[in-house]
$ cat model-v6.tsv   # TSV, C-alpha atoms
chain	number	residue	atom	x	y	z
A	19	MET	CA	118.56	84.70	109.88
A	20	ILE	CA	116.83	87.87	111.02
A	21	ARG	CA	113.06	87.93	110.71
A	22	PHE	CA	111.59	91.14	109.36
A	23	SER	CA	107.93	90.22	109.32
A	24	HIS	CA	107.34	92.33	112.44
A	25	ALA	CA	109.15	95.29	110.91
A	26	LEU	CA	107.19	95.51	107.70
A	27	LEU	CA	105.70	98.74	106.61
A	28	LEU	CA	103.69	100.67	109.16
A	29	PHE	CA	100.69	102.05	107.29
A	30	VAL	CA	98.63	104.56	109.20
A	31	CYS	CA	96.81	107.18	107.17
A	32	LEU	CA	94.43	104.89	105.31
A	33	GLY	CA	94.26	102.04	107.75
A	34	LEU	CA	95.45	99.70	104.98
A	35	ALA	CA	97.37	97.55	107.40
A	36	GLY	CA	96.88	99.46	110.62
A	37	CYS	CA	99.07	99.36	113.66
A	38	GLY	CA	98.32	97.03	116.52
A	39	ASP	CA	94.61	96.39	116.70
A	40	GLY	CA	93.89	98.50	113.62
A	41	GLU	CA	92.95	101.67	115.45
A	42	LYS	CA	94.48	104.86	114.21
A	43	SER	CA	96.67	106.68	116.67
A	44	VAL	CA	95.60	110.19	117.55
A	45	PRO	CA	98.14	112.49	119.20
A	46	GLY	CA	97.00	113.79	122.53
A	47	ALA	CA	95.04	110.66	123.49
A	48	ALA	CA	97.57	109.77	126.18
A	49	ALA	CA	97.58	113.37	127.33
A	50	GLN	CA	93.81	113.40	127.64
A	51	GLU	CA	94.03	110.40	129.94
A	52	GLY	CA	96.72	112.17	131.99
A	53	GLY	CA	94.96	115.51	132.23
A	54	GLY	CA	97.01	117.24	129.52
A	55	LYS	CA	100.28	117.32	131.44
A	56	VAL	CA	101.96	114.72	129.23
A	57	GLU	CA	101.04	116.59	126.03
A	58	LYS	CA	102.50	119.82	127.39
A	59	GLU	CA	105.75	118.07	128.31
A	60	LYS	CA	105.91	116.42	124.88
A	61	SER	CA	105.42	119.68	123.02
A	62	GLU	CA	108.26	121.32	124.94
A	63	ASN	CA	110.57	118.31	124.47
A	64	PRO	CA	112.63	118.37	121.23
A	65	GLU	CA	112.57	114.55	121.23
A	66	GLN	CA	108.77	114.70	120.80
A	67	PRO	CA	107.92	117.66	118.51
A	68	PRO	CA	104.34	118.91	118.53
A	69	LYS	CA	102.09	117.26	115.96
A	70	PRO	CA	98.89	118.55	114.32
A	71	GLU	CA	95.91	116.91	115.97
A	72	ASP	CA	94.01	116.37	112.73
A	73	LEU	CA	96.40	113.71	111.35
A	74	PRO	CA	96.94	110.09	112.35
A	75	TRP	CA	100.52	109.43	113.38
A	76	ILE	CA	102.92	106.62	113.97
A	77	THR	CA	103.56	107.15	117.65
A	78	ARG	CA	106.90	107.19	119.40
A	79	GLU	CA	105.66	104.28	121.49
A	80	GLN	CA	105.06	102.22	118.32
A	81	ILE	CA	108.56	103.10	117.10
A	82	ASP	CA	110.08	102.07	120.45
A	83	GLU	CA	108.21	98.74	120.30
A	84	LEU	CA	109.45	98.14	116.75
A	85	TYR	CA	113.06	98.83	117.75
A	86	ALA	CA	112.76	96.48	120.73
A	87	ARG	CA	111.44	93.67	118.50
A	88	MET	CA	114.13	94.23	115.87
A	89	LYS	CA	116.84	94.22	118.55
A	90	ALA	CA	115.40	91.03	120.10
A	91	ASP	CA	115.63	89.42	116.65
A	92	GLY	CA	119.34	90.24	116.49
A	93	LEU	CA	119.30	93.27	114.21
A	94	ASP	CA	121.88	95.97	114.92
A	95	VAL	CA	119.42	98.81	115.43
A	96	ASP	CA	122.29	101.18	116.23
A	97	GLY	CA	123.83	100.67	112.79
A	98	LYS	CA	122.72	101.65	109.34
A	99	LEU	CA	119.59	100.14	107.81
A	100	ARG	CA	117.96	100.52	104.41
A	101	TRP	CA	114.91	102.64	105.26
A	102	SER	CA	111.98	102.76	102.84
A	103	PHE	CA	109.41	105.55	103.18
A	104	PHE	CA	106.03	105.65	101.45
A	105	PHE	CA	103.73	108.46	100.30
A	106	THR	CA	100.40	108.38	98.46
A	107	ALA	CA	98.45	110.64	96.11
A	108	LYS	CA	95.73	110.36	93.49
A	109	ASP	CA	97.92	112.43	91.16
A	110	ARG	CA	101.05	110.61	89.97
A	111	GLU	CA	102.69	113.91	88.93
A	112	LYS	CA	102.51	115.22	92.50
A	113	LEU	CA	104.29	112.09	93.71
A	114	GLU	CA	106.93	112.36	91.02
A	115	LYS	CA	107.61	115.99	92.02
A	116	ALA	CA	107.78	114.94	95.68
A	117	GLY	CA	110.22	112.20	94.68
A	118	GLN	CA	112.42	114.76	92.92
A	119	LYS	CA	112.44	116.97	96.03
A	120	LEU	CA	113.31	114.01	98.25
A	121	ALA	CA	116.02	112.88	95.80
A	122	ALA	CA	117.58	116.34	96.14
A	123	GLN	CA	117.76	115.63	99.89
A	124	GLY	CA	119.64	112.36	99.35
A	125	TYR	CA	116.78	109.85	99.08
A	126	GLU	CA	116.60	107.40	96.21
A	127	VAL	CA	113.29	107.03	94.38
A	128	ALA	CA	112.74	103.27	94.36
A	129	ASN	CA	109.30	103.06	92.80
A	130	VAL	CA	106.09	104.80	91.85
A	131	PHE	CA	103.18	102.44	91.37
A	132	LYS	CA	99.41	102.51	91.11
A	133	ASP	CA	97.30	100.76	93.71
A	134	GLU	CA	94.36	99.47	91.69
A	135	THR	CA	92.41	98.52	94.80
A	136	PHE	CA	92.23	102.05	96.18
A	137	ASP	CA	92.82	103.97	92.91
A	138	PHE	CA	95.83	106.02	93.98
A	139	TYR	CA	99.60	105.99	93.51
A	140	TRP	CA	102.42	105.15	95.90
A	141	LEU	CA	105.85	106.79	96.04
A	142	HIS	CA	108.58	104.63	97.59
A	143	VAL	CA	111.86	106.36	98.51
A	144	GLU	CA	114.87	104.89	100.29
A	145	ASN	CA	117.98	105.85	102.17
A	146	VAL	CA	120.63	103.79	103.95
A	147	MET	CA	121.22	105.48	107.30
A	148	ALA	CA	121.34	105.01	111.04
A	149	LEU	CA	118.24	106.28	112.84
A	150	THR	CA	117.60	106.30	116.56
A	151	PRO	CA	113.95	105.96	117.62
A	152	ALA	CA	113.90	109.71	118.37
A	153	ALA	CA	115.40	110.55	114.96
A	154	LEU	CA	112.88	108.30	113.19
A	155	ASP	CA	110.06	109.97	115.11
A	156	ARG	CA	111.29	113.42	114.04
A	157	LEU	CA	111.65	112.23	110.43
A	158	ASN	CA	108.11	110.87	110.46
A	159	VAL	CA	106.83	114.23	111.72
A	160	GLU	CA	108.69	115.97	108.90
A	161	PHE	CA	107.33	113.55	106.30
A	162	TYR	CA	103.74	114.06	107.52
A	163	ARG	CA	104.22	117.83	107.24
A	164	LEU	CA	105.85	117.61	103.79
A	165	ALA	CA	103.06	115.37	102.48
A	166	GLN	CA	100.53	117.93	103.67
A	167	GLN	CA	102.56	120.87	102.28
A	168	TRP	CA	102.99	119.17	98.89
A	169	GLY	CA	99.28	118.34	98.61
A	170	LEU	CA	99.75	114.58	98.77
A	171	GLN	CA	97.16	112.20	100.13
A	172	GLY	CA	99.58	111.32	102.89
A	173	TYR	CA	102.77	109.89	104.27
A	174	GLU	CA	101.99	106.26	104.95
A	175	GLY	CA	104.94	104.93	106.89
A	176	PHE	CA	108.26	103.16	106.65
A	177	GLN	CA	109.94	99.80	106.33
A	178	PRO	CA	113.41	99.02	107.71
A	179	ARG	CA	115.51	96.37	105.94
A	180	PRO	CA	119.11	95.21	106.29
A	181	PRO	CA	121.57	97.73	104.85
A	182	ASP	CA	122.77	95.23	102.26
A	183	ALA	CA	119.23	94.55	100.97
A	184	PRO	CA	119.02	95.37	97.27
A	185	PRO	CA	117.67	98.84	96.49
A	186	GLY	CA	114.14	99.12	95.26
A	187	PRO	CA	110.92	97.55	96.30
A	188	PRO	CA	110.94	94.31	98.25
A	189	PRO	CA	109.92	91.33	96.09
A	190	GLU	CA	106.36	91.33	97.45
A	191	TYR	CA	105.79	94.77	95.83
A	192	GLU	CA	107.29	93.97	92.42
A	193	GLU	CA	104.00	92.92	90.86
A	194	LYS	CA	102.60	96.42	91.50
A	195	LYS	CA	105.45	98.25	89.78
A	196	VAL	CA	104.20	100.38	86.89
A	197	ARG	CA	107.12	102.53	85.77
$ encode --input "model-v6.tsv" --output "structure tokens"
Amino acid sequence: MIRFSHALLLFVCLGLAGCGDGEKSVPGAAAQEGGGKVEKEKSENPEQPPKPEDLPWITREQIDELYARMKADGLDVDGKLRWSFFFTAKDREKLEKAGQKLAAQGYEVANVFKDETFDFYWLHVENVMALTPAALDRLNVEFYRLAQQWGLQGYEGFQPRPPDAPPGPPPEYEEKKVR
């Protein structure tokens, strides 16, 4: 049986679960240590698109580590997976409109639910697809930009599951479902 505990949702914007030691990742930090050369190379490399410095991001390094752990656990990371993506906003209507736009792009709206602890709503969309680490990194960049463009609180991260996992929220999120 494949363990997915290590591959659970990567939350970044609010630090709800954090990545690694709980610090938020800031683009350019590695470049600052390397005198800026790395950042320049990244911004010219289509595998690492430039990212606004004022947002926390799931880094490519974190994605590579996740893929290595999933592969070590026996998951076919080159095949299709059921990918869940999560967005937040205080305004449920904004999330529902974002869900409609994402549905038009082939994503399935799995859930919209209110987080009583932090008093905002979550949008959970899914798609079964194959993603390389580079493609997931580019998709994350796009989701951060769309969340900002659509006036959402943020794009919070993703969760990979086996392709044959049932659609919709994993059982641990069912109690929060409000629609």
$ residues_around --input "model-v6.tsv" --residues "A:Trp168" --least-positions-apart "6" --cutoff "9 Å" --atoms "all atoms listed in the file" --output "ChimeraX atom specification"
/A:112-113,115-116
$ closest_residue --input "model-v6.tsv" --among "A:Ala152, A:Met147, A:Val127, A:Ala107" --to "A:Gln171" --atoms "only C-alpha atoms"
A:Ala107
$ closest_residue --input "model-v6.tsv" --among "A:Met88, A:Pro184, A:Asn158, A:Pro178" --to "A:Trp75" --atoms "only C-alpha atoms"
A:Asn158
$ atom_distance --input "model-v6.tsv" --atom1 "atom CA of A:Phe176" --atom2 "atom CA of A:Ser102"
5.3 Å
$ atom_distance --input "model-v6.tsv" --atom1 "atom CA of A:Gly124" --atom2 "atom CA of A:Asp137"
28.8 Å
$ closest_residue --input "model-v6.tsv" --among "A:Val159, A:Ala148, A:His142, A:Glu174" --to "A:Val95" --atoms "all atoms listed in the file"
A:Ala148
$ closest_residue --input "model-v6.tsv" --among "A:Phe131, A:Glu144, A:Phe138, A:Leu120" --to "A:Leu164" --atoms "all atoms listed in the file"
A:Leu120
$ closest_residue --input "model-v6.tsv" --among "A:Ala122, A:Ala90, A:Ala165, A:Leu84" --to "A:Gln177" --atoms "all atoms listed in the file"
A:Leu84
$ closest_residue --input "model-v6.tsv" --among "A:Asp133, A:Asp155, A:Asp96, A:Glu160" --to "A:Arg110" --atoms "all atoms listed in the file"
A:Asp133
$ atom_distance --input "model-v6.tsv" --atom1 "atom CA of A:Pro151" --atom2 "atom CA of A:Tyr139"
28.1 Å
